Protein chains: 4
Amino acid sequence: MNSLYLSGEFIDTSNYLSVTNPFTNQEIQKISVADANIVEQAINNAYESFNETKQLSGYEKSIILKAIAEKIQTQNSELSELISLESGKPIKYAKAEVQRAVQTFLIASEECKRILYEYYSLSGNPDGKNKEALVKRFPIGVVLAITPFNFPLNLVAHKVAPAIAAGCPIILKPASATPLTALALAKIIQETTFPKKAFSVLPCKSSIIEQFLAHQKISKISFTGSPIVGWKIKQLAYNKKITLELGGNAATIITDSVNIDNIITHCVIGGFAYSGQVCIHTQRFYIHHSVFDEFVKKFITATQKLQYGNPINDTTDISVMIDEENAKRVETWVQEAIQNGAEYLLKGKRINNHHEPVILTNTNTSMKVNGEEIFGPVVCVEKYNGDIKHAVALVNDTNYGLQCGVFTNKIDELNYCFENIQTGGVIHNGCSIVRLDEMPYGGIKDSGYGKEGVKYAIMEMTESKLLVKQNKNNGTIF
Amino acid sequence: MNSLYLSGEFIDTSNYLSVTNPFTNQEIQKISVADANIVEQAINNAYESFNETKQLSGYEKSIILKAIAEKIQTQNSELSELISLESGKPIKYAKAEVQRAVQTFLIASEECKRILYEYYSLSGNPDGKNKEALVKRFPIGVVLAITPFNFPLNLVAHKVAPAIAAGCPIILKPASATPLTALALAKIIQETTFPKKAFSVLPCKSSIIEQFLAHQKISKISFTGSPIVGWKIKQLAYNKKITLELGGNAATIITDSVNIDNIITHCVIGGFAYSGQVCIHTQRFYIHHSVFDEFVKKFITATQKLQYGNPINDTTDISVMIDEENAKRVETWVQEAIQNGAEYLLKGKRINNHHEPVILTNTNTSMKVNGEEIFGPVVCVEKYNGDIKHAVALVNDTNYGLQCGVFTNKIDELNYCFENIQTGGVIHNGCSIVRLDEMPYGGIKDSGYGKEGVKYAIMEMTESKLLVKQNKNNGTIF
Amino acid sequence: MNSLYLSGEFIDTSNYLSVTNPFTNQEIQKISVADANIVEQAINNAYESFNETKQLSGYEKSIILKAIAEKIQTQNSELSELISLESGKPIKYAKAEVQRAVQTFLIASEECKRILYEYYSLSGNPDGKNKEALVKRFPIGVVLAITPFNFPLNLVAHKVAPAIAAGCPIILKPASATPLTALALAKIIQETTFPKKAFSVLPCKSSIIEQFLAHQKISKISFTGSPIVGWKIKQLAYNKKITLELGGNAATIITDSVNIDNIITHCVIGGFAYSGQVCIHTQRFYIHHSVFDEFVKKFITATQKLQYGNPINDTTDISVMIDEENAKRVETWVQEAIQNGAEYLLKGKRINNHHEPVILTNTNTSMKVNGEEIFGPVVCVEKYNGDIKHAVALVNDTNYGLQCGVFTNKIDELNYCFENIQTGGVIHNGCSIVRLDEMPYGGIKDSGYGKEGVKYAIMEMTESKLLVKQNKNNGTIF
Amino acid sequence: MNSLYLSGEFIDTSNYLSVTNPFTNQEIQKISVADANIVEQAINNAYESFNETKQLSGYEKSIILKAIAEKIQTQNSELSELISLESGKPIKYAKAEVQRAVQTFLIASEECKRILYEYYSLSGNPDGKNKEALVKRFPIGVVLAITPFNFPLNLVAHKVAPAIAAGCPIILKPASATPLTALALAKIIQETTFPKKAFSVLPCKSSIIEQFLAHQKISKISFTGSPIVGWKIKQLAYNKKITLELGGNAATIITDSVNIDNIITHCVIGGFAYSGQVCIHTQRFYIHHSVFDEFVKKFITATQKLQYGNPINDTTDISVMIDEENAKRVETWVQEAIQNGAEYLLKGKRINNHHEPVILTNTNTSMKVNGEEIFGPVVCVEKYNGDIKHAVALVNDTNYGLQCGVFTNKIDELNYCFENIQTGGVIHNGCSIVRLDEMPYGGIKDSGYGKEGVKYAIMEMTESKLLVKQNKNNGTIF
């Protein structure tokens with residue numbers, strides 16, 4: 001089957017894109033591509049179906065979302081393999097992603113029954129005697145979701161699950177590199193009672209979807225991807241509700257009140273999982289001078305043990321990047337850094353679209369490896385002088401602000417970090433890479449706008465309406 | 001004194017604008033106008049002062065805000081007169097505005113101590129054992145506020161009070177027609193301990209302020225004014241947090257389960273207060289056919305009793321509009337409507353910048369008097385066929401969506417209205433004009449983006465940051 | 001198997017109680033009865049296991065509770081039959097009870113992950129600069145649950161599910177008439193990972209359990225049953241947390257803005273479901289004089305159609321009462337009422353433990369059929385004079401206050417009812433009998449103390465602890 | 001004036017109690033004592049006035065409470081002196097108490113406008129489509145408040161302020177030793193618009209008030225005082241809502257991550273303020289062995305500097321106890337402890353009703369100075385072995401559980417303390433004595449039942465009522 005998913009049906013078009021396995025460079029499948037007509041149809045159908053989706057009760061939505069979660073669980077192996085095949089993600093991470101997607105839909109199946117309303121007396125106002133306010137949330141309308149290649153299932157889930165929970169139709173444009181998992185999800189959703197016209201998965205060129213950003217039947221755009229594209233979308237769709245989940249150069253602070261042995265494994269994952277192609281992988285470690293040498297030595301050793309191989313193998317820790325273009329970019333950035341004074345602690349070379357892990361030091365924010373989003377297997381480790389303020393200043397010296405990790409057992413240090421680190425989230429005793437699917441998630445500065453995390457995404461896919469209720473009826477009601 | 005207020009000081013510039021009394025057409029005062037240099041200074045100072053304002057404790061902010069409320073109360077008469085003089089607002093409405101501003105600052109003095117944080121266990125997640133989430137709100141940074149002429153005090157208060165409560169510096173550009181009240185408020189704030197550099201009131205041309213909309217030291221823009229300007233600001237400042245409070249053509253539904261005598265006085269206020277120069281004045285009444293004749297007759301009679309005169313007189317119910325240009329626009333729109341089939345129920349003529357109340361029927365959404373924001377003393381009264389769905393369809397037949405009033409004693413009617421009326425707020429047993437200062441307030445569709453109302457404005461002037469806390473420390477923390 | 005369930009094991013004792021089918025009067029099974037030693041053991045084990053249950057993560061508890069819900073669903077038929085057999089409840093109501101119990105455990109599986117904490121700044125206090133408050137809830141300890149015969153599964157679920165969700169061990173004393181379903185639930189829970197020592201089901205004499213009410217290892221008693229026993233328990237266990245769900249003589253108001261045909265079926269269920277052996281069945285209908293005759297006529301007709309028979313048959317609407325003693329009590333109360341001026345609208349006689357439906361009028365609060373809890377198939381229908389205040393006064397003229405139904409389409413009537421009816425809950429457009437398992441449920445006046453409903457019961461099985469956190473650490477921390 | 005305050009009027013009775021200055025032993029004033037008739041009148045009047053108090057709007061209550069706060073501020077000096085005179089409290093602490101009472105009423109003036117309601121969809125339930133739940137709180141009825149001598153103003157405020165905020169009438173029985181401040185407060189409240197019959201201050205014998213504990217017109221009893229009396233009240237008034245704020249033997253932990261110099265002054269206040277006659281004064285310090293000697297040395301030195309004198313003098317740090325009986329009790333308990341192995345670190349003797357500060361070590365829980373509430377100027381300082389678990393075990397080795405202080409900069413220590421200390425509250429980087437008036441406050445174990453702190457007390461003086469609202473009206477409403 002080479003179909004896209006239009007309003008409940010898998011259909012074929014005459015144009016295709018080729019989905020390849022980044023490790024073997026072989027085509028996995030051809031997939032139909034949507035043209036403007038198809039996108040327009042999807043939008044019109046979605047808009048029409050809003051009359052149905054907004055009427056779904058909490059129970060009905062919960063049943064749909066639970067069914068999706070269960071089917072994902074049932075198809076766990078197939079989905080993990082599909083993710084691994086099209087994205088080059090090591091299968092063990094792909095499996096974890098599938099489990100997270102199960103959670104994402106389960107959380108949504110619970111949150112859809114708990115959408116928060118406010119109700120309070122207005123009688124505290126001199127003019128409010130016997131008046132009460134109800135602030136209720138209503139689904140916002142059609143959601144357009146645009147998702148990246150690096151989590152072909154769970155970053156799709158973070159848009160689709162809250163949209164269903166909110167009662168909104170969704171049109172999904174998956175990453176061109178990884179549309180297969182999204183289409184597999186479409187198959188799952190097709191089998192539920194979610195209104196057919198309310199969901200489409202439309203692989204297509206960016207230029208096509210761009211034409212529809214300002215479409216008046218679309219009420220909300222949720223985008224995960226690069227800052228440049230994200231902010232441009234916001235500009236084009238200036239009068240819509242927008243959520244942007246963009247990139248960053250996330251950092252993790254390691255203070256001296258931590259047992260280094262306990263954290264090394266986690267830090268290697270934090271830095272190199274999926275070759276660093278994770279928005280919140282730790283690109284920069286700032287380490288207390290007194291534990292710097294110990295950390296670096298053990299970190300290098302552990303990194304060297306990462307097993308390279310075909311992502312589909314259970315033993316593979318690290319594999320290829322999504323494509324050669326990106327691998328070359330990483331190579332170039334590293335070379336630029338070295339030329340500008342950075343030093344290798346662990347040298348890694350590029351072979352086609354594979355880039356070996358690199359650990360650098362003596363980097364600074366003017367080098368792209370430190371100041372821009374590397375989205376590759378490169379980690380900078382830098383010393384800070386012992387005062388937590390120094391570490392935080394280094395963390396903040398960037399235009400990005402997604403997440404930050406802090407390892408410490410000192411209350412004053414953690415307080416200082418939380419108060420002063422300029423990111424959307426601070427992870428205590430974990431690397432920046434930690435994300436649980438119910439957390440509010442989203443960057444500040446150039447890293448994004450708005451929040452995901454199921455409950456928070458539902459908020460952004462609903463809008464509030466106020467009812468001022470007259471609680472007593474008599475001759476002098478005004 | 002002809003000064004503007006720059007970062008804690010009243011200073012004079014070489015350029016002035018003339019503030020005139022719309023009733024007498026006499027100049028009240030000349031006021032210094034800010035140029036780009038001054039705006040730049042104000043922004044730099046505000047940005048610098050953010051280090052102080054963000055450290056203010058709830059208690060400290062509460063003391064400042066309470067002091068402002070008390071001083072406004074003390075200067076009640078002077079401020080009411082100033083509002084009336086520069087805006088042409090009948091003094092009784094000006095007095096009411098001052099009382100509301102007192103409330104707005106009082107509410108802020110209480111809300112600043114109650115900014116909502118979330119704290120919950122993450123242990124419901126398979127990976128969340130011993131993890132907890134704290135979601136805390138932090139002030140967003142410098143706020144740029146742009147306010148209209150029609151509530152020279154309270155619409156300023158709705159931006160300044162929450163900004164202080166949130167811990168944000170504010171730069172205010174007041175309406176050019178009515179900067180005096182804003183400057184009087186500056187005098188009051190100057191006497192408090194709010195950091196001096198954190199507040200400026202800068203009368204200036206729109207073209208000047210436009211240059212600064214994308215200034216990187218500004219984090220938030222809060223605008224109240226026309227839709228055209230509002231949406232343009234959002235486009236220019238696409239990567240900032242924005243609140244837009246724009247206009248509308250608000251409607252009120254009158255069903256048959258209401259005692260008409262009890263509501264007439266309120267409805268006349270709802271339609272004609274301050275010559276309809278109120279964003280949420282009722283421009284359109286939709287009336288159940290069985291009470292249409294009774295309502296219209298009594299409504300006309302009551303409207304005819306409105307006393308015209310100098311706004312400064314206690315007995316004046318209705319006076320001039322803000323300027324002749326607007327009065328002419330109203331005149332033209334009414335004439336166009338009549339030419340297209342509308343009928344006068346009460347005819348009113350224009351004399352310079354005064355326009356007498358007009359009541360029309362047989363209007364429809366294609367006429368500007370009905371479909372556009374009239375912002376003048378013109379009210380359309382139309383029959384609906386008895387089914388509440390008809391009334392709601394009429395209400396919704398517009399691009400705007402600010403507020404709507406519904407008079408009914410029937411539960412099913414009120415439910416249907418609340419579920420289906422496309423506005424930010426629905427007022428039960430009141431006209432669309434009802435606003436209490438703690439209410440969430442803000443339109444949907446073309447009428448705005450985001451919410452005001454003290455607590456809600458504070459939310460929009462703060463941003464959330466997440467801390468994932470590790471609740472137990474042991475060898476297996478991950 | 002004739003075993004009771006002690007701390008994870010089914011064991012036999014030498015003393016038995018006989019559980020009989022109320023319809024056939026045949027013994028279903030003999031069940032081992034706990035003596036004081038066994039109760040003491042159960043308490044000690046439960047107390048010990050608290051160290052485990054309080055450590056369970058939200059996820060772990062959620063898995064346990066979901067497993068229970070699923071097993072109940074799987075055993076749906078067997079459990080429905082068991083309920084019907086031991087309680088004489090018509091099978092269709094028994095099936096509905098099982099479905100509700102599924103919901104009760106499912107809700108608990110979701111709520112256990114969302115136990116509410118508070119976190120707020122204390123800086124609004126002059127002495128609170130840099131201080132913050134965390135108010136977290138902790139499980140309270142061992143819960144003793146005592147349950148009645150009328151919902152052998154779901155009223156057990158309403159104590160067991162929140163206890164597991166809260167992290168508390170539970171000892172359950174089921175009604176002596178209906179212990180079999182509770183033991184079937186024990187079997188289900190035994191198969192989960194809930195700590196074995198943390199749950200016991202101990203059929204025993206009331207006199208035995210009474211000895212343990214003040215036991216210091218018990219932290220919380222949750223009782224559903226008669227007012228006399230309930231209040232006595234509260235007195236004996238005066239220093240423990242107590243929830244009492246007691247009886248009442250619930251009323252339903254029928255105003256004139258309602259289509260009588262639409263509500264008759266529901267009202268017959270509201271009055272006569274399970275022969276009125278439901279705490280919130282409608283014992284008293286107060287009906288607007290203008291619709292009284294219509295309602296009464298249709299209500300009688302519909303009641304007469306109720307099919308009497310063996311509860312195990314699908315076609316049976318109404319069957320025997322729990323025992324002859326209760327049937328005789330009903331008979332006597334009806335006769336007393338008739339002697340004191342009440343009139344039959346529908347006469348019903350007693351045959352052994354079966355009592356036919358009775359509809360009376362001209363009753364008043366001094367008659368037991370009206371003023372006391374009848375817990376039988378007797379309904380009083382009375383006229384009110386048209387003013388809703390009259391209806392509410394009649395509703396309130398009792399010592400009880402559990403729930404009340406109100407059928408109306410008028411806003412002022414519903415407002416008046418909700419403000420003035422003295423009950424724990426008011427059901428709009430439904431009879432008093434409506435209960436959804438997430439609702440807060442519990443009476444006031446003599447009808448109870450505290451609330452059930454999963455989320456609310458969890459609150460009553462946890463206690464709050466405050467942490468005042470110092471947010472900054474420096475030389476002048478005090 | 002020697003009057004008591006009955007339902008809005010100061011009246012004299014024929015029986016008096018003599019209020020004496022504990023320092024001079026001179027009578028300050030004779031005060032009329034209420035007999036059973038007067039108490040009955042007060043209750044009847046209060047009950048009647050409930051119809052008024054429950055109708056007060058948030059705004060009206062806020063105005064009343066703010067007026068009280070302002071009058072207390074205005075009478076600051078007189079009230080401080082009165083407190084000092086009748087209670088023997090050093091004037092500097094009396095002044096602080098008055099400032100806290102101002103806050104308590106101010107907080108109530110704000111909280112009365114924010115009483116929390118819940119509103120949520122029930123559509124997550126299979127039977128809940130189109131149903132919504134409103135859970136609103138209503139004032140509970142007449143409150144009987146019984147207060148102790150040690151905070152004659154602020155512990156009265158903590159019952160009166162929330163009662164007014166909740167909309168409840170209150171009858172106050174002040175401590176017989178210190179009724180004058182309560183009566184001064186009555187004078188202040190008399191001048192507001194709070195309904196006259198809704199407030200009484202009735203000095204009387206405990207035996208009199210005891211007769212009314214079960215009075216059916218009283219809905220709520222709020223008691224602060226000794227455990228023995230408290231639990232007896234709960235038994236007698238078993239079917240009422242009860243809040244008990246009882247005593248304790250509060251502890252404070254001092255770990256090794258703290259600068260001892262910074263905390264000594266605060267610790268001396270924590271131990272000896274008002275001669276330890278404060279429920280949460282630190283009676284037991286548990287100190288890390290490595291800093292024990294340093295702490296003890298500096299603590300003794302600082303304690304020795306406490307200035308003894310007439311409480312009315314600004315320079316007095318410590319003065320007499322409330323009466324000789326209590327001073328003798330303290331003397332006896334110390335002697336018993338010494339006889340059982342305790343050692344003096346600072347010896348203090350008793351002179352009449354003055355007891356000098358005593359610092360003991362080598363105490364244990366079997367000694368009354370350690371295991372019972374001393375309510376006098378005696379502090380035990382004990383070493384713990386360095387493991388925070390040891391410190392917590394020592395803290396928990398008691399029947400009481402009010403508050404506990406913990407000085408630490410280690411996250412794992414603070415976590416362990418908060419999770420495991422068995423008290424109502426844990427104070428980070430402060431002694432157990434810290435109380436801000438918005439905090440939830442209240443002990444567990446023998447130390448109390450329920451919570452005070454304005455918002456929490458309002459919760460306990462209101463009760464929730466549920467409305468299940470039918471959101472759609474059609475033929476199939478059930």
# chains A, B, ... in the order shown; residues from 1 in each chain; ligands from 1

$ select_by_dssp --residues "segment 60-238 of chain D" --states "alpha helix (DSSP H)" --output "MDAnalysis selection string"
chainID D and resid 60:74 76:87 91:111 154:166 179:190 206:210 227:236

$ residues_around --residues "segment 326-334 of chain C" --least-positions-apart "3" --cutoff "10 Å" --atoms "only C-alpha atoms" --output "PyMOL selection string"
chain C and resi 320-323+337-340+342-344+347-356+358-360+367-370+372+374-378

$ write_last_selection --atoms "C-alpha atoms" --output "PDB file, in the first residue's frame"
ATOM      1  CA  VAL C 320     -38.533  -9.499  47.296  1.00  0.00           C
ATOM      2  CA  MET C 321     -37.020  -7.314  49.983  1.00  0.00           C
ATOM      3  CA  ILE C 322     -33.872  -8.358  51.793  1.00  0.00           C
ATOM      4  CA  ASP C 323     -35.823 -10.112  54.579  1.00  0.00           C
ATOM      5  CA  ALA C 337     -49.743   6.320  57.858  1.00  0.00           C
ATOM      6  CA  ILE C 338     -53.152   5.246  56.611  1.00  0.00           C
ATOM      7  CA  GLN C 339     -54.464   5.353  60.142  1.00  0.00           C
ATOM      8  CA  ASN C 340     -53.180   8.878  60.462  1.00  0.00           C
ATOM      9  CA  ALA C 342     -52.682   9.120  54.447  1.00  0.00           C
ATOM     10  CA  GLU C 343     -54.486   7.764  51.406  1.00  0.00           C
ATOM     11  CA  TYR C 344     -53.583   4.998  49.041  1.00  0.00           C
ATOM     12  CA  LYS C 347     -52.283  -0.189  47.348  1.00  0.00           C
ATOM     13  CA  GLY C 348     -49.740  -2.943  47.778  1.00  0.00           C
ATOM     14  CA  LYS C 349     -49.689  -5.823  50.180  1.00  0.00           C
ATOM     15  CA  ARG C 350     -46.967  -7.822  51.824  1.00  0.00           C
ATOM     16  CA  ILE C 351     -46.460 -11.538  51.064  1.00  0.00           C
ATOM     17  CA  ASN C 352     -43.654 -12.854  53.267  1.00  0.00           C
ATOM     18  CA  ASN C 353     -40.598 -10.767  52.392  1.00  0.00           C
ATOM     19  CA  HIS C 354     -42.156  -9.360  49.264  1.00  0.00           C
ATOM     20  CA  HIS C 355     -43.908  -6.016  49.491  1.00  0.00           C
ATOM     21  CA  GLU C 356     -45.776  -4.700  46.511  1.00  0.00           C
ATOM     22  CA  VAL C 358     -47.336   1.450  47.375  1.00  0.00           C
ATOM     23  CA  ILE C 359     -48.125   5.015  46.365  1.00  0.00           C
ATOM     24  CA  LEU C 360     -49.513   7.250  49.096  1.00  0.00           C
ATOM     25  CA  MET C 367     -45.643   9.819  59.475  1.00  0.00           C
ATOM     26  CA  LYS C 368     -42.732   7.394  59.242  1.00  0.00           C
ATOM     27  CA  VAL C 369     -43.425   6.705  55.549  1.00  0.00           C
ATOM     28  CA  ASN C 370     -42.607  10.330  54.908  1.00  0.00           C
ATOM     29  CA  GLU C 372     -38.234   8.353  58.302  1.00  0.00           C
ATOM     30  CA  ILE C 374     -38.633   3.700  54.449  1.00  0.00           C
ATOM     31  CA  PHE C 375     -36.042   1.642  52.547  1.00  0.00           C
ATOM     32  CA  GLY C 376     -38.896  -0.132  50.852  1.00  0.00           C
ATOM     33  CA  PRO C 377     -41.227   0.163  47.873  1.00  0.00           C
ATOM     34  CA  VAL C 378     -43.310   3.053  49.180  1.00  0.00           C
TER      35      VAL C 378
END

$ select_by_dssp --residues "segment 187-310 of chain D" --states "strand (DSSP E)" --output "number ranges by chain"
D: 199-201, 218-224, 241-245, 251-254, 284-288

$ write_last_selection --atoms "N, CA and C atoms" --output "short mmCIF file (atom, residue, chain, number, x, y, z; two decimals), in the first residue's frame"
data_model
loop_
_atom_site.label_atom_id
_atom_site.label_comp_id
_atom_site.auth_asym_id
_atom_site.auth_seq_id
_atom_site.Cartn_x
_atom_site.Cartn_y
_atom_site.Cartn_z
N PHE D 199 -22.44 37.99 66.51
CA PHE D 199 -21.17 37.89 67.23
C PHE D 199 -21.36 38.16 68.71
N SER D 200 -20.82 37.28 69.54
CA SER D 200 -20.81 37.45 70.99
C SER D 200 -19.45 37.05 71.54
N VAL D 201 -19.03 37.72 72.59
CA VAL D 201 -17.84 37.31 73.33
C VAL D 201 -18.28 37.05 74.77
N ILE D 218 -25.79 24.90 67.07
CA ILE D 218 -24.37 25.10 66.78
C ILE D 218 -23.94 24.06 65.74
N SER D 219 -23.28 24.54 64.69
CA SER D 219 -22.91 23.63 63.60
C SER D 219 -21.44 23.28 63.61
N LYS D 220 -20.65 24.07 64.31
CA LYS D 220 -19.21 23.91 64.19
C LYS D 220 -18.55 24.40 65.47
N ILE D 221 -17.60 23.62 65.96
CA ILE D 221 -16.83 24.06 67.12
C ILE D 221 -15.38 24.14 66.72
N SER D 222 -14.77 25.27 67.05
CA SER D 222 -13.36 25.45 66.78
C SER D 222 -12.67 25.74 68.11
N PHE D 223 -11.80 24.82 68.47
CA PHE D 223 -11.18 24.90 69.81
C PHE D 223 -9.67 24.96 69.69
N THR D 224 -9.05 25.86 70.42
CA THR D 224 -7.60 25.82 70.58
C THR D 224 -7.31 25.72 72.06
N LYS D 241 -19.09 19.42 63.08
CA LYS D 241 -17.77 19.64 62.50
C LYS D 241 -16.90 20.24 63.59
N ILE D 242 -15.69 19.74 63.70
CA ILE D 242 -14.82 20.17 64.79
C ILE D 242 -13.42 20.48 64.25
N THR D 243 -12.86 21.55 64.73
CA THR D 243 -11.43 21.78 64.52
C THR D 243 -10.77 21.87 65.89
N LEU D 244 -9.73 21.08 66.06
CA LEU D 244 -8.98 21.11 67.33
C LEU D 244 -7.55 21.51 67.04
N GLU D 245 -7.12 22.59 67.68
CA GLU D 245 -5.71 22.97 67.62
C GLU D 245 -5.14 22.77 69.01
N ALA D 251 9.75 19.95 67.75
CA ALA D 251 11.20 19.77 67.63
C ALA D 251 11.74 20.54 66.45
N THR D 252 13.05 20.77 66.50
CA THR D 252 13.77 21.37 65.37
C THR D 252 15.07 20.60 65.18
N ILE D 253 15.35 20.27 63.93
CA ILE D 253 16.57 19.53 63.58
C ILE D 253 17.61 20.50 63.03
N ILE D 254 18.84 20.38 63.53
CA ILE D 254 19.93 21.20 63.01
C ILE D 254 20.99 20.28 62.44
N ARG D 284 12.32 20.71 71.72
CA ARG D 284 13.39 19.74 71.53
C ARG D 284 14.22 20.12 70.30
N PHE D 285 15.53 20.29 70.51
CA PHE D 285 16.44 20.47 69.38
C PHE D 285 17.23 19.18 69.18
N TYR D 286 17.26 18.69 67.94
CA TYR D 286 18.10 17.54 67.62
C TYR D 286 19.19 18.03 66.68
N ILE D 287 20.45 17.84 67.11
CA ILE D 287 21.57 18.53 66.48
C ILE D 287 22.62 17.52 66.02
N HIS D 288 23.06 17.73 64.80
CA HIS D 288 24.10 16.86 64.24
C HIS D 288 25.31 16.89 65.17
#

$ residues_around --residues "Ala175 of chain A" --least-positions-apart "5" --cutoff "12 Å" --atoms "only C-alpha atoms" --output "PyMOL selection string"
chain A and resi 17+19+33+86-87+145-153+155-156+180-183+201-206+209+223-226+322

$ closest_atom_pairs --of "chain D" --to "chain A" --cutoff "7 Å" --atoms "only C-alpha atoms" --output "CSV"
residue,atom,partner,partner_atom,distance
D:Ser57,CA,A:Ser123,CA,5.3
D:Gly58,CA,A:Gly124,CA,4.1
D:Tyr59,CA,A:Gly124,CA,4.0
D:Lys113,CA,A:Gly124,CA,4.7
D:Leu116,CA,A:Tyr120,CA,6.9
D:Tyr117,CA,A:Tyr119,CA,5.9
D:Glu118,CA,A:Tyr119,CA,6.3
D:Tyr119,CA,A:Tyr119,CA,5.9
D:Tyr120,CA,A:Tyr117,CA,6.0
D:Ser123,CA,A:Gly58,CA,4.9
D:Gly124,CA,A:Tyr59,CA,4.0
D:Asn125,CA,A:Tyr59,CA,5.7
D:Pro126,CA,A:Tyr59,CA,5.8
D:Lys129,CA,A:Ser57,CA,6.0
D:Asn409,CA,A:Ile411,CA,5.1
D:Lys410,CA,A:Lys410,CA,4.9
D:Ile411,CA,A:Asn409,CA,5.1
D:Asp412,CA,A:Asn409,CA,6.6

$ closest_residue --among "D:Thr192, D:Thr423, D:Thr303, D:Thr255" --to "Lys389 of chain D" --atoms "only C-alpha atoms"
D:Thr255

$ atom_distance --atom1 "atom CA of Ala250 of chain D" --atom2 "atom CA of Arg137 of chain C"
21.0 Å

$ residues_around --residues "Gly448 of chain A" --least-positions-apart "5" --cutoff "9 Å" --atoms "only C-alpha atoms" --output "list in words"
Thr224, Pro227, Gly230, Trp231, Thr243, Leu244, Glu245, Leu246, Gly247, Tyr400, Gly401, Leu402, Gly442 and Gly443 of chain A

$ residues_around --residues "Pro162 of chain C" --least-positions-apart "2" --cutoff "9 Å" --atoms "only C-alpha atoms" --output "NGL selection string"
:C and (104-105 or 108-109 or 111-112 or 157-160 or 164-168 or 453-459 or 461)

$ residues_around --residues "Gln403 of chain A" --least-positions-apart "3" --cutoff "12 Å" --atoms "only C-alpha atoms" --output "JSON, numbers by chain"
{"A": [245, 246, 247, 248, 249, 250, 251, 252, 253, 270, 278, 279, 280, 281, 282, 283, 284, 395, 396, 400, 406, 417, 418, 421, 422, 423, 424, 425, 426, 427, 428, 430, 431, 432, 433, 434, 435, 439, 440, 441, 442, 443, 444, 445, 447, 448], "B": [465, 466, 467, 468]}

$ atom_distance --atom1 "atom CA of Lys66 of chain A" --atom2 "atom CA of Val102 of chain A"
8.9 Å
